[in-house]
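In what follows, a structure is listed as structure tokens, so that the remarks can point back to it.
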Amino acid sequence: MIPIKDKVGIAKMREACAIAATVLDQLKHLVRPGVTTQDLEEAGRDLITRLGARSACFGYQNGSRRYPAHTCISVNEEVVHGIPSFRKVLREGDVVSLDIVVWHDGYVGDNAFTVPVGPISPGVEKLLRVSREALDLGIKQAQIGNRIGDISHAIQTHCESNGFSVVRDMVGHGVGLAMHEPPEIANFGRRGTGEKIKAGMTLAIEPMVNLGGFKTKTLSDGWTHVTADGLPSVHFEHTVLTTDRGPDILTIPRPL
Ligand code: MF3
Ligand code: CO
């Protein structure tokens, strides 16, 4: 069962998501050659605190491991859950995925964006554009009466028809009182499958798209997912509220 948020829950989701989006937006502007992913982590951590929220990543448990940072920062072949490091220096031509998830007043807001570092190759430029479009097309399918698989299908077809592949090992998800709620929202699938979309669902839609093959592996740190072929990967994510007037993107930055 996909949780349905009531009026109060929706108001709180709006707040948590606005904070997550504002942090992400500010971090985007700090990306440039010479900056380390640890610099971005520290800026993100401080901003989250200043906005009265908490990182949902810090201490997040996967088996016996706890995620050690407040942000996830994944460079080039890193798909998601890259751990920030002072050894990781951004260079021109890189792509850096920033994933910000915050708790505020009992609710979680989740969003991600991939930023180019200076000029990048035309192929990766296209990967960024197509993946952003795929997120938009996925969001457009988050309509009452549609099914979750309609979102998945829209994302997959757009990415694959442009020669890219979608990651299979990780998926989007419901979000709200926890970072991960039902349903799973794969970035691949068939139209007309999965649960029916109703008003009041809050969905984290998040295409992870690879320049090469879809296969990924996890590094020995237990968190960082990388592409198996070492080619770049990008990640775009919004938290979206379903309404009878269509999808409402909650992760939009605003003055707080
Ligand atoms: N947006 C990521 C997700 O939904 C955030 C993960 S936080 C981490 O999985 F702690 F697991 F890295
Ligand atoms: Co997510």
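Residues are named by chain letter and number: chains run A, B, ... in the order of the structure tokens, numbers start at 1 in each chain, and ligands are numbered from 1 in the order shown.
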
### A:Leu27 surroundings by only C-alpha atoms, 8 Å radius, close-in-sequence under 3 positions cut, as number ranges by chain
A: 23-24, 30-31, 40, 43-44, 98

Contact residues around A:Ile2 with only C-alpha atoms at 10 Å, ignoring same-chain residues under 6 positions, as a PDB file with C-alpha atoms, in the first residue's frame:
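Full text of result_0.pdb as output:
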ATOM      1  CA  GLY A 174       7.802   6.729  -2.044  1.00  0.00           C
ATOM      2  CA  VAL A 175       9.034   9.225   0.540  1.00  0.00           C
ATOM      3  CA  GLU A 181       8.291   4.150   1.616  1.00  0.00           C
ATOM      4  CA  PRO A 182       6.332   2.052  -0.844  1.00  0.00           C
ATOM      5  CA  PRO A 183       6.221   1.938  -3.818  1.00  0.00           C
ATOM      6  CA  GLU A 184       9.481   1.156  -5.563  1.00  0.00           C
ATOM      7  CA  GLU A 195      -0.094   0.249  -8.341  1.00  0.00           C
ATOM      8  CA  LYS A 196      -2.615   2.860  -9.377  1.00  0.00           C
ATOM      9  CA  ILE A 197      -1.698   6.442  -8.629  1.00  0.00           C
ATOM     10  CA  LYS A 198      -4.059   8.306  -6.285  1.00  0.00           C
ATOM     11  CA  GLY A 200      -1.792  12.568  -1.934  1.00  0.00           C
ATOM     12  CA  MET A 201       1.115  10.274  -2.786  1.00  0.00           C
ATOM     13  CA  THR A 202       4.624  11.691  -2.410  1.00  0.00           C
ATOM     14  CA  LEU A 203       7.003  10.027  -4.831  1.00  0.00           C
TER      15      LEU A 203
END

### Task
Give as a PyMOL selection string the residues surrounding ligand 2 up to a distance of 7 Å, considering only C-alpha atoms and all ligand atoms.
chain A and resi 110-111+172-173+204+206+237

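The space separating atom CA of A:Thr227 from atom CA of A:Val171 comes to 15.1 Å.
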
### Message
Quick one: residues within 9 Å of A:Arg132, only C-alpha atoms, excluding same-chain residues fewer than 6 positions away - as a VMD selection string?
### Response
chain A and resid 113 207 235 to 237

Residues up to 9 Å from ligand 1, counting only C-alpha atoms and all ligand atoms: could you list those as a compact mmCIF listing (two decimals) with N, CA, C and O atoms, in the first residue's frame?
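Below you can see pocket12.txt, which holds the result:
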# COMPACT_ATOMS: atom_id res chain seq x y z
N SER A 55 20.18 15.97 8.24
CA SER A 55 20.44 15.09 7.10
C SER A 55 19.81 13.73 7.34
O SER A 55 19.95 13.16 8.42
N ALA A 56 19.11 13.22 6.34
CA ALA A 56 18.55 11.87 6.45
C ALA A 56 19.59 10.82 6.05
O ALA A 56 19.38 9.62 6.24
N CYS A 57 20.69 11.28 5.46
CA CYS A 57 21.74 10.34 5.05
C CYS A 57 22.66 10.00 6.21
O CYS A 57 23.04 8.84 6.39
N PHE A 58 23.01 11.01 7.02
CA PHE A 58 23.97 10.79 8.10
C PHE A 58 23.46 9.73 9.07
O PHE A 58 22.38 9.87 9.65
N GLY A 59 24.21 8.65 9.21
CA GLY A 59 23.82 7.58 10.12
C GLY A 59 22.82 6.60 9.52
O GLY A 59 22.42 5.65 10.18
N TYR A 60 22.42 6.85 8.27
CA TYR A 60 21.46 5.94 7.61
C TYR A 60 22.03 4.52 7.59
O TYR A 60 23.19 4.32 7.24
N GLN A 61 21.22 3.56 8.00
CA GLN A 61 21.72 2.22 8.19
C GLN A 61 21.41 1.29 7.03
O GLN A 61 20.28 1.24 6.55
N ASN A 62 22.44 0.59 6.59
CA ASN A 62 22.27 -0.44 5.58
C ASN A 62 23.00 -1.67 6.12
O ASN A 62 24.22 -1.71 6.12
N ARG A 66 26.70 2.31 8.75
CA ARG A 66 26.02 3.61 8.85
C ARG A 66 26.69 4.58 7.90
O ARG A 66 27.91 4.73 7.92
N TYR A 67 25.87 5.25 7.11
CA TYR A 67 26.43 6.20 6.15
C TYR A 67 27.12 7.34 6.91
O TYR A 67 26.52 7.94 7.82
N PRO A 68 28.38 7.65 6.55
CA PRO A 68 29.19 8.55 7.38
C PRO A 68 29.10 10.05 7.05
O PRO A 68 29.79 10.83 7.68
N ALA A 69 28.28 10.45 6.08
CA ALA A 69 28.27 11.86 5.68
C ALA A 69 26.85 12.40 5.60
O ALA A 69 25.88 11.65 5.71
N HIS A 70 26.75 13.72 5.40
CA HIS A 70 25.44 14.38 5.38
C HIS A 70 24.89 14.55 3.98
O HIS A 70 23.73 14.93 3.80
N THR A 71 25.76 14.31 2.99
CA THR A 71 25.37 14.44 1.59
C THR A 71 25.91 13.22 0.84
O THR A 71 26.83 12.56 1.33
N CYS A 72 25.35 12.96 -0.34
CA CYS A 72 25.92 11.94 -1.22
C CYS A 72 26.44 12.68 -2.45
O CYS A 72 25.69 13.42 -3.09
N VAL A 80 25.61 6.59 -7.50
CA VAL A 80 24.98 7.22 -6.33
C VAL A 80 25.74 6.83 -5.07
O VAL A 80 26.57 5.91 -5.08
N HIS A 81 25.41 7.53 -3.98
CA HIS A 81 25.91 7.24 -2.64
C HIS A 81 27.43 7.34 -2.53
O HIS A 81 28.06 6.64 -1.73
N GLY A 82 28.02 8.24 -3.35
CA GLY A 82 29.44 8.54 -3.21
C GLY A 82 29.68 9.22 -1.87
O GLY A 82 28.92 10.11 -1.48
N ILE A 83 30.71 8.79 -1.16
CA ILE A 83 31.04 9.38 0.14
C ILE A 83 32.01 10.54 -0.10
O ILE A 83 33.07 10.34 -0.71
N ASP A 99 23.20 14.59 -4.08
CA ASP A 99 21.94 14.00 -3.62
C ASP A 99 21.72 14.47 -2.18
O ASP A 99 22.55 14.22 -1.31
N ILE A 100 20.63 15.21 -1.98
CA ILE A 100 20.36 15.82 -0.68
C ILE A 100 19.02 15.30 -0.14
O ILE A 100 17.98 15.45 -0.79
N VAL A 101 19.08 14.72 1.04
CA VAL A 101 17.87 14.19 1.68
C VAL A 101 17.82 14.74 3.11
O VAL A 101 18.78 14.56 3.86
N ASP A 110 13.60 14.68 -0.61
CA ASP A 110 14.70 13.99 -1.29
C ASP A 110 14.84 14.56 -2.70
O ASP A 110 13.85 14.58 -3.45
N ASN A 111 16.03 15.00 -3.06
CA ASN A 111 16.26 15.42 -4.45
C ASN A 111 17.73 15.34 -4.84
O ASN A 111 18.62 15.30 -3.98
N ALA A 112 17.96 15.25 -6.15
CA ALA A 112 19.32 15.11 -6.66
C ALA A 112 19.45 15.81 -8.01
O ALA A 112 18.45 16.01 -8.72
N MET A 170 19.17 0.11 -8.56
CA MET A 170 18.59 1.05 -7.62
C MET A 170 17.36 1.67 -8.25
O MET A 170 17.30 1.80 -9.47
N VAL A 171 16.41 2.08 -7.41
CA VAL A 171 15.12 2.55 -7.92
C VAL A 171 14.66 3.79 -7.14
O VAL A 171 15.17 4.07 -6.06
N GLY A 172 13.71 4.50 -7.72
CA GLY A 172 13.03 5.56 -6.99
C GLY A 172 12.08 4.95 -5.98
O GLY A 172 11.95 3.73 -5.89
N HIS A 173 11.37 5.81 -5.24
CA HIS A 173 10.63 5.30 -4.08
C HIS A 173 9.62 6.32 -3.58
O HIS A 173 9.77 7.52 -3.82
N VAL A 175 8.25 8.53 -0.49
CA VAL A 175 9.03 9.23 0.54
C VAL A 175 8.06 10.01 1.42
O VAL A 175 7.02 10.45 0.94
N MET A 179 12.63 7.81 4.65
CA MET A 179 13.28 8.10 3.36
C MET A 179 12.75 7.17 2.28
O MET A 179 12.57 7.60 1.14
N HIS A 180 12.51 5.91 2.64
CA HIS A 180 12.01 4.96 1.65
C HIS A 180 10.69 4.39 2.11
O HIS A 180 10.62 3.69 3.12
N ALA A 204 9.43 9.94 -4.86
CA ALA A 204 10.77 10.36 -5.27
C ALA A 204 11.09 9.65 -6.58
O ALA A 204 11.30 8.44 -6.61
N GLU A 206 13.54 9.23 -9.69
CA GLU A 206 14.97 9.49 -9.78
C GLU A 206 15.72 8.63 -10.80
O GLU A 206 16.35 7.65 -10.44
N TRP A 223 29.19 1.53 0.14
CA TRP A 223 28.18 2.52 -0.23
C TRP A 223 28.22 2.92 -1.69
O TRP A 223 27.20 2.94 -2.37
N THR A 224 29.43 3.27 -2.15
CA THR A 224 29.54 3.88 -3.48
C THR A 224 29.20 2.89 -4.58
O THR A 224 29.84 1.85 -4.71
N GLU A 237 16.66 13.88 -9.56
CA GLU A 237 15.57 13.42 -8.69
C GLU A 237 14.75 14.59 -8.17
O GLU A 237 15.29 15.62 -7.77

### A:Ile205 surroundings by only C-alpha atoms, 8 Å radius, close-in-sequence under 5 positions cut, as an MDAnalysis selection string
chainID A and resid 135 138:139 172:173 185 237:240

Next, write the just-selected residues to a file, as a PDB file, in the first residue's frame, keeping C-alpha atoms as the atom set.
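Now in selection-v2.pdb:
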ATOM      1  CA  LEU A 135      12.842  12.940 -15.210  1.00  0.00           C
ATOM      2  CA  GLY A 138       8.471  10.470 -15.715  1.00  0.00           C
ATOM      3  CA  ILE A 139       6.952  13.217 -13.576  1.00  0.00           C
ATOM      4  CA  GLY A 172      13.029   5.564  -6.985  1.00  0.00           C
ATOM      5  CA  HIS A 173      10.631   5.302  -4.081  1.00  0.00           C
ATOM      6  CA  ILE A 185       9.672   3.254  -8.720  1.00  0.00           C
ATOM      7  CA  GLU A 237      15.569  13.420  -8.692  1.00  0.00           C
ATOM      8  CA  HIS A 238      12.500  15.305  -7.513  1.00  0.00           C
ATOM      9  CA  THR A 239       9.968  14.579  -4.787  1.00  0.00           C
ATOM     10  CA  VAL A 240       6.531  14.941  -6.385  1.00  0.00           C
TER      11      VAL A 240
END
